[in-house]
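*Asks:* Starting off with a structure, shown below.
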Amino acid sequence: MMTDASSTTSHDNGYATPFSWASSRTVSVDQDASMLSWGSGSAPSLPSVDSDSQTETRSISDSIRSSTMTLDSSLYHFVQENGRTYHRYKEGRYFLPNDTAEQERLDLQHQLFILAIGNKLNIAPFPRDPRRVLDIATGTGIWAIEFAVQHPDSHVIGTDLSPIQPQFLPENCRFEIDDAEDEWTFSEPFDFIHGRALMSCFNDPAAVVRQAFDNLAPGGIMEFQDALFPMNYIGEPPTESALYRWNNMMLEGVTRLGRSWSNVQHYHRYFEEAGFVNIVERRFYWPTSPWAKGHYFKTVAAYFQEDMLTGLEAMSLKVLGVLGMSPEQVREFVEEVKKDFRDTSIHAYLTVTYIYGHKPGLPA
C-alpha cells in the first residue's frame, strides 16, 4: 500500500533507524554543442561505426571508474543468495540484488541516464517547480535527491522495495519503503511522477501507469525512462556470439519468472490508454563499446559498458538460473559475454526511450 506516511525499519534493539548513505553527488561531464549529436530536442540518430574506435576511449573509461561512491547498506537485514543480498520486503518481487556493489552500479547508471540527455534529470519541461513529485522504484534515491536540490520549491517522495536510501537528505525529500504495484493511497495528488529503469520491476506496468495517472493533479506530468530489450545491431546480428545468446536467454528467463522485458515498446500505448495527452517520446542509443563514431557515442558507450560489466553477473544469476544453469555456469558464461561487450567488432547497441505525457486540465 502506498501512503504518505514515511516508512522506517528498526534495528534489533527496537529503535527506528533513518536511511543512510555516505554521500550524494552528480558527476559533472563537460558537454558542448558538438558533443551532442542532435538538436531541437530530438533524439540522436543511430550510431555509425568508427574505424578508429580506441582514440578517445581510455581517458573516458578512466574517469568513469573513479566517479562512483560507496554506499552504506549495513542498516537492514536482507536475503542472501549466491554471495549477493536482496530485498526482504516482498521477497522475490525484484530479482536484482541491493548490496553495495549493485548500489554503486545504480549510481553509475544514473550518470548514464542523465548524460544521454545532456546532463539533465528529465526531458519534460516545467514552467515552474512542480509542487509534489514522486519517484517510483527510486533505488538508491539519487535521482530524487538531485531533483530536490535542483527544485527547492518541490517536495519529493521516493519509493522502493529496498531501504538503501540515504540518511542525510534535503529538507524537501523523503523516502518510503513501498511497492508501486500495490494500491496507491496518497493523500494528495502529484504534479510530476518519474520512473526510470523499470523494465525488471513490474508484473503489470500498464496498471502502474493507470494508477500514476489517477494520482496526478490536472496538468500534471509523468515521465518514464527505460530500455527496449533485446539489443540491436548495426549490420548482421552476430548470432554465434555470447552477447547475442545472452540477450535471447535473458528474455526466456524473465518470461519464466513471470515478467516481460518487451513492455517498454508499449509505453506510448499505456500512456494513451490511461488518458495522457501531448505525449512525447524520444529514443536514444547506447553502444556496447567505443565502436561508434563521435565523442557523444564514445562517452555514452564507456558508461554503458562499465554499467554492464559490473552488473552482468547480478542480472544473470537469477534469470539464467531458472533455465537450469548453476551459479558457476552463469559466471563462466557471463565472462564470455563481457568479452563481447569489449569487442569493437560487435556493433551492438541498446535503445533507450524517454517518454512523458500530461494529464488533461490546468494546473492549480
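Just remember, in the C-alpha cells the first chain shown is A, the second B, etc., residues are 1-based per chain, and ligands are 1-based in the order shown.
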Within 9 Å of Ser262 (chain A), counting only C-alpha atoms, which residues show up once you throw out same-chain ones fewer than 6 positions away? Write them as a VMD selection string, please.
*Replies:* chain A and resid 199 228 to 230 251
*Asks:* Do a neighbour search on region 273-286 of chain A at 7 Å with only C-alpha atoms, toss out local chain neighbours closer than 2 positions, and write the hits as an mmCIF file with N, CA and C atoms, in the first residue's frame.
*Replies:*
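The new file out_28.cif reads:
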```
data_model
loop_
_atom_site.group_PDB
_atom_site.id
_atom_site.type_symbol
_atom_site.label_atom_id
_atom_site.label_comp_id
_atom_site.auth_asym_id
_atom_site.auth_seq_id
_atom_site.Cartn_x
_atom_site.Cartn_y
_atom_site.Cartn_z
ATOM 1 N N SER A 42 15.290 16.680 -30.305
ATOM 2 C CA SER A 42 15.077 15.362 -30.892
ATOM 3 C C SER A 42 16.170 14.409 -30.458
ATOM 4 N N ALA A 43 15.915 13.134 -30.588
ATOM 5 C CA ALA A 43 16.896 12.124 -30.191
ATOM 6 C C ALA A 43 17.993 12.019 -31.237
ATOM 7 N N PRO A 44 19.181 11.532 -30.835
ATOM 8 C CA PRO A 44 20.252 11.377 -31.813
ATOM 9 C C PRO A 44 19.937 10.278 -32.809
ATOM 10 N N LEU A 46 20.953 6.913 -35.171
ATOM 11 C CA LEU A 46 21.648 5.678 -34.835
ATOM 12 C C LEU A 46 23.154 5.883 -34.922
ATOM 13 N N VAL A 209 0.925 2.581 -14.730
ATOM 14 C CA VAL A 209 0.695 3.829 -15.465
ATOM 15 C C VAL A 209 -0.698 4.385 -15.141
ATOM 16 N N ARG A 210 -1.694 3.509 -15.067
ATOM 17 C CA ARG A 210 -3.054 3.962 -14.753
ATOM 18 C C ARG A 210 -3.130 4.546 -13.346
ATOM 19 N N PHE A 213 -1.568 7.969 -13.359
ATOM 20 C CA PHE A 213 -2.475 8.953 -13.940
ATOM 21 C C PHE A 213 -3.516 9.391 -12.921
ATOM 22 N N ARG A 269 1.460 3.417 -25.819
ATOM 23 C CA ARG A 269 0.071 2.951 -25.774
ATOM 24 C C ARG A 269 -0.465 2.953 -24.351
ATOM 25 N N TYR A 270 0.363 2.517 -23.380
ATOM 26 C CA TYR A 270 -0.075 2.540 -21.988
ATOM 27 C C TYR A 270 -0.433 3.963 -21.564
ATOM 28 N N PHE A 271 0.391 4.931 -21.949
ATOM 29 C CA PHE A 271 0.124 6.327 -21.610
ATOM 30 C C PHE A 271 -1.195 6.783 -22.232
ATOM 31 N N THR A 288 27.561 -0.669 -27.055
ATOM 32 C CA THR A 288 28.163 -1.537 -26.053
ATOM 33 C C THR A 288 29.650 -1.309 -25.874
ATOM 34 N N VAL A 300 28.946 7.848 -24.001
ATOM 35 C CA VAL A 300 27.813 7.028 -23.600
ATOM 36 C C VAL A 300 28.219 5.552 -23.562
ATOM 37 N N ALA A 301 28.965 5.092 -24.566
ATOM 38 C CA ALA A 301 29.387 3.698 -24.617
ATOM 39 C C ALA A 301 30.270 3.328 -23.435
ATOM 40 N N PHE A 304 27.976 2.978 -20.468
ATOM 41 C CA PHE A 304 27.106 1.808 -20.610
ATOM 42 C C PHE A 304 27.904 0.521 -20.460
ATOM 43 N N TYR A 349 23.969 -2.230 -29.774
ATOM 44 C CA TYR A 349 23.552 -1.054 -29.011
ATOM 45 C C TYR A 349 22.205 -1.327 -28.358
ATOM 46 N N LEU A 350 21.951 -0.611 -27.275
ATOM 47 C CA LEU A 350 20.676 -0.677 -26.571
ATOM 48 C C LEU A 350 19.880 0.584 -26.877
ATOM 49 N N THR A 351 18.614 0.426 -27.194
ATOM 50 C CA THR A 351 17.732 1.567 -27.417
ATOM 51 C C THR A 351 17.057 1.928 -26.097
ATOM 52 N N VAL A 352 17.080 3.203 -25.763
ATOM 53 C CA VAL A 352 16.502 3.679 -24.512
ATOM 54 C C VAL A 352 15.474 4.759 -24.824
ATOM 55 N N THR A 353 14.294 4.624 -24.250
ATOM 56 C CA THR A 353 13.239 5.588 -24.515
ATOM 57 C C THR A 353 13.013 6.499 -23.318
ATOM 58 N N TYR A 354 12.771 7.765 -23.603
ATOM 59 C CA TYR A 354 12.362 8.765 -22.618
ATOM 60 C C TYR A 354 10.990 9.255 -23.087
ATOM 61 N N ILE A 355 9.969 9.045 -22.284
ATOM 62 C CA ILE A 355 8.611 9.368 -22.702
ATOM 63 C C ILE A 355 7.889 10.107 -21.585
ATOM 64 N N TYR A 356 7.165 11.163 -21.945
ATOM 65 C CA TYR A 356 6.361 11.865 -20.939
ATOM 66 C C TYR A 356 5.020 12.256 -21.548
ATOM 67 N N GLY A 357 4.048 12.444 -20.673
ATOM 68 C CA GLY A 357 2.715 12.866 -21.088
ATOM 69 C C GLY A 357 2.074 13.703 -20.003
ATOM 70 N N HIS A 358 1.028 14.428 -20.383
ATOM 71 C CA HIS A 358 0.313 15.323 -19.461
ATOM 72 C C HIS A 358 -1.054 14.764 -19.118
ATOM 73 N N LYS A 359 -1.482 14.970 -17.894
ATOM 74 C CA LYS A 359 -2.868 14.707 -17.527
ATOM 75 C C LYS A 359 -3.693 15.915 -17.946
ATOM 76 N N PRO A 360 -4.801 15.718 -18.637
ATOM 77 C CA PRO A 360 -5.585 16.863 -19.089
ATOM 78 C C PRO A 360 -6.016 17.769 -17.936
#
```
*Asks:* Here is a test: counting only C-alpha atoms, which residue of A:Pro287, A:Gly253, A:Gly220, A:Gly118 is nearest to Val319 (chain A)?
*Replies:*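 So, comparing all the options, the nearest one is A:Gly253.
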*Asks:* Determine which residues of region 132-280 of chain A DSSP labels as helix (DSSP H, G or I) from the backbone of this structure, then write them out as a PyMOL selection string.
*Replies:* chain A and resi 142-150+205-214+242-256+263-274
